[in-house]
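One structure is given here, and the rest of the page talks about it.
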Amino acid sequence: MKTVDILKENVIDAIEQINHNGIESGAQSSTYDLIFKGKRYPPKLVYSLAHKYATGDILDRSTFKGGEGTEAFKVLRNLGFEIKE
């Protein structure tokens, strides 16, 4: 996976999209949730949509891993987002 600079505003835009459109079928969390303003979101969906806001292209969730130690979780946490099991 090519490294892309995802900004905090890209993640917030992704969360706002989820708030507006809901969580698409098959994109629900399995183990972890990203917590933002007291609400829970699927971290892989948030990351894939944030990638879209950063680059213009949505990142297919099947092309990257989620979970502890993954690039997606590192990026989200480094931007200040909380992820809980």
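In the structure tokens, chains take letters A, B, ... by order of appearance, with residues numbered from 1 within each chain and ligands from 1 in the order shown.
When DSSP reads the backbone of this structure, the residues of chain A it assigns to strand (DSSP E or B) are Asp33, Leu34, Ile35, Phe36, Lys39, Arg40, Tyr41, Glu82, Ile83 and Lys84 of chain A.
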Sorted by chain and rising residue number, which residues of segment 6-37 of chain A lie within 9 Å of segment 59-75 of chain A, and what are their closest atom pairs and distances in Å to one decimal, counting only C-alpha atoms, as JSON lines?
```
{"residue": "A:Ile6", "atom": "CA", "partner": "A:Val75", "partner_atom": "CA", "distance": 7.6}
{"residue": "A:Ala27", "atom": "CA", "partner": "A:Arg61", "partner_atom": "CA", "distance": 8.4}
{"residue": "A:Thr31", "atom": "CA", "partner": "A:Gly67", "partner_atom": "CA", "distance": 8.0}
{"residue": "A:Tyr32", "atom": "CA", "partner": "A:Gly67", "partner_atom": "CA", "distance": 7.2}
```
Please produce a file of the residues just selected, as a PDB file, in the first residue's frame, where the atoms kept are N, CA, C and O atoms.
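Saved to selection23.pdb:
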```
ATOM      1  N   ILE A   6      -2.662  11.444   5.108  1.00  0.00           N
ATOM      2  CA  ILE A   6      -4.049  11.665   5.511  1.00  0.00           C
ATOM      3  C   ILE A   6      -4.026  12.659   6.662  1.00  0.00           C
ATOM      4  O   ILE A   6      -3.269  12.496   7.618  1.00  0.00           O
ATOM      5  N   ALA A  27     -19.394  -3.166   6.163  1.00  0.00           N
ATOM      6  CA  ALA A  27     -18.310  -2.307   6.639  1.00  0.00           C
ATOM      7  C   ALA A  27     -18.348  -2.098   8.154  1.00  0.00           C
ATOM      8  O   ALA A  27     -17.596  -1.284   8.681  1.00  0.00           O
ATOM      9  N   THR A  31     -13.990  -5.911  15.549  1.00  0.00           N
ATOM     10  CA  THR A  31     -13.298  -5.993  16.832  1.00  0.00           C
ATOM     11  C   THR A  31     -13.058  -4.625  17.453  1.00  0.00           C
ATOM     12  O   THR A  31     -13.175  -4.459  18.656  1.00  0.00           O
ATOM     13  N   TYR A  32     -12.716  -3.637  16.626  1.00  0.00           N
ATOM     14  CA  TYR A  32     -12.327  -2.320  17.128  1.00  0.00           C
ATOM     15  C   TYR A  32     -13.286  -1.250  16.642  1.00  0.00           C
ATOM     16  O   TYR A  32     -13.889  -1.379  15.585  1.00  0.00           O
TER      17      TYR A  32
END
```
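Across segment 19-59 of chain A, DSSP run on the backbone finds alpha helix (DSSP H) at Asn19, His20, Asn21, Pro43, Lys44, Leu45, Val46, Tyr47, Ser48, Leu49, Ala50, His51, Lys52, Tyr53, Ala54 and Thr55 of chain A.
In this model, the gap between atom CA of Asp57 of chain A and atom CA of Lys84 of chain A comes to 26.9 Å.
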Quick one: everything within 9 Å of Ile12 of chain A, counting only C-alpha atoms, minus sequence neighbours fewer than 5 positions away in the same chain. Send it as a PyMOL selection string. chain A and resi 7+17+36+46+50
Keeping only C-alpha atoms, take the residues you just selected and write them out as an mmCIF file, in the first residue's frame.
```cif
data_model
loop_
_atom_site.group_PDB
_atom_site.id
_atom_site.type_symbol
_atom_site.label_atom_id
_atom_site.label_comp_id
_atom_site.auth_asym_id
_atom_site.auth_seq_id
_atom_site.Cartn_x
_atom_site.Cartn_y
_atom_site.Cartn_z
ATOM 1 C CA LEU A 7 -4.903 14.728 7.556
ATOM 2 C CA GLN A 17 -19.918 11.164 5.545
ATOM 3 C CA PHE A 36 -15.250 10.332 18.072
ATOM 4 C CA VAL A 46 -13.106 5.675 8.320
ATOM 5 C CA ALA A 50 -10.328 9.516 4.720
#
```
Which residue is closest to Thr55 of chain A? Choose from A:Ile23, A:Val4, A:Leu79, A:Ile35 and count only C-alpha atoms. A:Val4
Show me, as an mmCIF file with all heavy atoms, in the first residue's frame, the residues that have an atom within 12 Å of Glu9 of chain A when counting only C-alpha atoms, minus same-chain residues fewer than 4 positions from it.
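Output file around_22.cif is given in full below:
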```cif
data_model
loop_
_atom_site.group_PDB
_atom_site.id
_atom_site.type_symbol
_atom_site.label_atom_id
_atom_site.label_comp_id
_atom_site.auth_asym_id
_atom_site.auth_seq_id
_atom_site.Cartn_x
_atom_site.Cartn_y
_atom_site.Cartn_z
ATOM 1 N N ASP A 5 -0.484 10.937 2.733
ATOM 2 C CA ASP A 5 -0.639 11.832 3.876
ATOM 3 C C ASP A 5 -2.118 12.105 4.106
ATOM 4 O O ASP A 5 -2.745 12.871 3.376
ATOM 5 C CB ASP A 5 0.111 13.141 3.649
ATOM 6 C CG ASP A 5 1.615 12.970 3.746
ATOM 7 O OD1 ASP A 5 2.062 12.087 4.505
ATOM 8 O OD2 ASP A 5 2.345 13.711 3.067
ATOM 9 N N ASP A 13 -13.908 14.525 7.826
ATOM 10 C CA ASP A 13 -14.796 14.490 6.659
ATOM 11 C C ASP A 13 -15.371 13.086 6.458
ATOM 12 O O ASP A 13 -16.553 12.921 6.138
ATOM 13 C CB ASP A 13 -14.056 14.928 5.388
ATOM 14 C CG ASP A 13 -13.781 16.423 5.347
ATOM 15 O OD1 ASP A 13 -14.450 17.186 6.080
ATOM 16 O OD2 ASP A 13 -12.884 16.830 4.573
ATOM 17 N N ALA A 14 -14.533 12.065 6.657
ATOM 18 C CA ALA A 14 -14.991 10.679 6.524
ATOM 19 C C ALA A 14 -16.060 10.360 7.569
ATOM 20 O O ALA A 14 -17.086 9.750 7.253
ATOM 21 C CB ALA A 14 -13.806 9.721 6.672
ATOM 22 N N ILE A 15 -15.840 10.799 8.802
ATOM 23 C CA ILE A 15 -16.815 10.583 9.873
ATOM 24 C C ILE A 15 -18.118 11.287 9.554
ATOM 25 O O ILE A 15 -19.210 10.729 9.746
ATOM 26 C CB ILE A 15 -16.219 11.036 11.221
ATOM 27 C CG1 ILE A 15 -15.113 10.061 11.649
ATOM 28 C CG2 ILE A 15 -17.297 11.151 12.297
ATOM 29 C CD1 ILE A 15 -14.277 10.541 12.824
ATOM 30 N N GLU A 16 -18.027 12.502 9.051
ATOM 31 C CA GLU A 16 -19.241 13.244 8.681
ATOM 32 C C GLU A 16 -19.993 12.524 7.565
ATOM 33 O O GLU A 16 -21.227 12.491 7.553
ATOM 34 C CB GLU A 16 -18.889 14.675 8.280
ATOM 35 C CG GLU A 16 -18.483 15.517 9.477
ATOM 36 C CD GLU A 16 -17.981 16.908 9.120
ATOM 37 O OE1 GLU A 16 -17.840 17.222 7.914
ATOM 38 O OE2 GLU A 16 -17.715 17.677 10.056
ATOM 39 N N VAL A 46 -13.552 4.288 8.140
ATOM 40 C CA VAL A 46 -13.106 5.675 8.320
ATOM 41 C C VAL A 46 -11.806 5.908 7.550
ATOM 42 O O VAL A 46 -11.675 6.899 6.818
ATOM 43 C CB VAL A 46 -12.928 6.006 9.824
ATOM 44 C CG1 VAL A 46 -12.254 7.362 9.993
ATOM 45 C CG2 VAL A 46 -14.273 5.983 10.546
ATOM 46 N N TYR A 47 -10.866 4.992 7.692
ATOM 47 C CA TYR A 47 -9.576 5.150 7.019
ATOM 48 C C TYR A 47 -9.736 5.145 5.498
ATOM 49 O O TYR A 47 -9.146 5.976 4.805
ATOM 50 C CB TYR A 47 -8.610 4.047 7.465
ATOM 51 C CG TYR A 47 -7.213 4.230 6.944
ATOM 52 C CD1 TYR A 47 -6.334 5.111 7.559
ATOM 53 C CD2 TYR A 47 -6.771 3.523 5.834
ATOM 54 C CE1 TYR A 47 -5.046 5.288 7.080
ATOM 55 C CE2 TYR A 47 -5.482 3.695 5.351
ATOM 56 C CZ TYR A 47 -4.628 4.574 5.977
ATOM 57 O OH TYR A 47 -3.359 4.753 5.491
ATOM 58 N N LEU A 49 -12.352 5.957 3.710
ATOM 59 C CA LEU A 49 -13.001 7.202 3.270
ATOM 60 C C LEU A 49 -12.075 8.407 3.450
ATOM 61 O O LEU A 49 -12.066 9.311 2.606
ATOM 62 C CB LEU A 49 -14.307 7.419 4.036
ATOM 63 C CG LEU A 49 -15.417 6.408 3.752
ATOM 64 C CD1 LEU A 49 -16.590 6.626 4.699
ATOM 65 C CD2 LEU A 49 -15.869 6.473 2.310
ATOM 66 N N ALA A 50 -11.293 8.428 4.523
ATOM 67 C CA ALA A 50 -10.328 9.516 4.720
ATOM 68 C C ALA A 50 -9.314 9.531 3.573
ATOM 69 O O ALA A 50 -8.917 10.600 3.105
ATOM 70 C CB ALA A 50 -9.627 9.366 6.062
ATOM 71 N N HIS A 51 -8.940 8.354 3.124
ATOM 72 C CA HIS A 51 -8.032 8.242 1.969
ATOM 73 C C HIS A 51 -8.677 8.906 0.746
ATOM 74 O O HIS A 51 -8.000 9.607 -0.014
ATOM 75 C CB HIS A 51 -7.734 6.765 1.706
ATOM 76 C CG HIS A 51 -6.741 6.526 0.628
ATOM 77 N ND1 HIS A 51 -7.078 6.511 -0.708
ATOM 78 C CD2 HIS A 51 -5.406 6.289 0.686
ATOM 79 C CE1 HIS A 51 -5.991 6.270 -1.419
ATOM 80 N NE2 HIS A 51 -4.963 6.138 -0.599
ATOM 81 N N LYS A 52 -9.979 8.710 0.587
ATOM 82 C CA LYS A 52 -10.697 9.335 -0.536
ATOM 83 C C LYS A 52 -10.613 10.861 -0.430
ATOM 84 O O LYS A 52 -10.367 11.549 -1.430
ATOM 85 C CB LYS A 52 -12.159 8.901 -0.550
ATOM 86 C CG LYS A 52 -12.983 9.571 -1.648
ATOM 87 C CD LYS A 52 -14.442 9.239 -1.556
ATOM 88 C CE LYS A 52 -15.094 10.112 -0.523
ATOM 89 N NZ LYS A 52 -16.546 10.048 -0.512
ATOM 90 N N TYR A 53 -10.802 11.390 0.783
ATOM 91 C CA TYR A 53 -10.738 12.846 0.948
ATOM 92 C C TYR A 53 -9.321 13.377 0.766
ATOM 93 O O TYR A 53 -9.132 14.515 0.332
ATOM 94 C CB TYR A 53 -11.318 13.262 2.297
ATOM 95 C CG TYR A 53 -12.826 13.173 2.305
ATOM 96 C CD1 TYR A 53 -13.484 12.126 2.943
ATOM 97 C CD2 TYR A 53 -13.601 14.117 1.639
ATOM 98 C CE1 TYR A 53 -14.875 12.025 2.916
ATOM 99 C CE2 TYR A 53 -14.984 14.030 1.608
ATOM 100 C CZ TYR A 53 -15.612 12.984 2.247
ATOM 101 O OH TYR A 53 -16.979 12.890 2.205
ATOM 102 N N ALA A 54 -8.312 12.547 1.052
ATOM 103 C CA ALA A 54 -6.918 12.974 0.900
ATOM 104 C C ALA A 54 -6.436 12.894 -0.545
ATOM 105 O O ALA A 54 -5.618 13.705 -0.971
ATOM 106 C CB ALA A 54 -6.017 12.122 1.794
ATOM 107 N N LEU A 76 -4.427 6.755 12.194
ATOM 108 C CA LEU A 76 -5.575 7.309 12.919
ATOM 109 C C LEU A 76 -5.181 7.742 14.330
ATOM 110 O O LEU A 76 -5.558 8.826 14.783
ATOM 111 C CB LEU A 76 -6.723 6.292 12.959
ATOM 112 C CG LEU A 76 -7.369 5.997 11.602
ATOM 113 C CD1 LEU A 76 -8.295 4.789 11.706
ATOM 114 C CD2 LEU A 76 -8.112 7.209 11.058
ATOM 115 N N LEU A 79 -3.049 10.867 14.489
ATOM 116 C CA LEU A 79 -3.835 12.078 14.254
ATOM 117 C C LEU A 79 -4.688 12.438 15.468
ATOM 118 O O LEU A 79 -5.429 13.421 15.447
ATOM 119 C CB LEU A 79 -4.730 11.895 13.013
ATOM 120 C CG LEU A 79 -3.979 11.842 11.688
ATOM 121 C CD1 LEU A 79 -4.917 11.463 10.554
ATOM 122 C CD2 LEU A 79 -3.292 13.177 11.392
ATOM 123 N N GLY A 80 -4.605 11.626 16.529
ATOM 124 C CA GLY A 80 -5.297 11.948 17.767
ATOM 125 C C GLY A 80 -6.623 11.230 17.975
ATOM 126 O O GLY A 80 -7.366 11.560 18.908
ATOM 127 N N PHE A 81 -6.936 10.246 17.129
ATOM 128 C CA PHE A 81 -8.198 9.529 17.266
ATOM 129 C C PHE A 81 -8.022 8.315 18.165
ATOM 130 O O PHE A 81 -6.984 7.653 18.129
ATOM 131 C CB PHE A 81 -8.733 9.118 15.888
ATOM 132 C CG PHE A 81 -9.134 10.305 15.060
ATOM 133 C CD1 PHE A 81 -8.247 10.855 14.159
ATOM 134 C CD2 PHE A 81 -10.382 10.886 15.221
ATOM 135 C CE1 PHE A 81 -8.606 11.972 13.413
ATOM 136 C CE2 PHE A 81 -10.740 11.998 14.482
ATOM 137 C CZ PHE A 81 -9.858 12.549 13.579
#
```
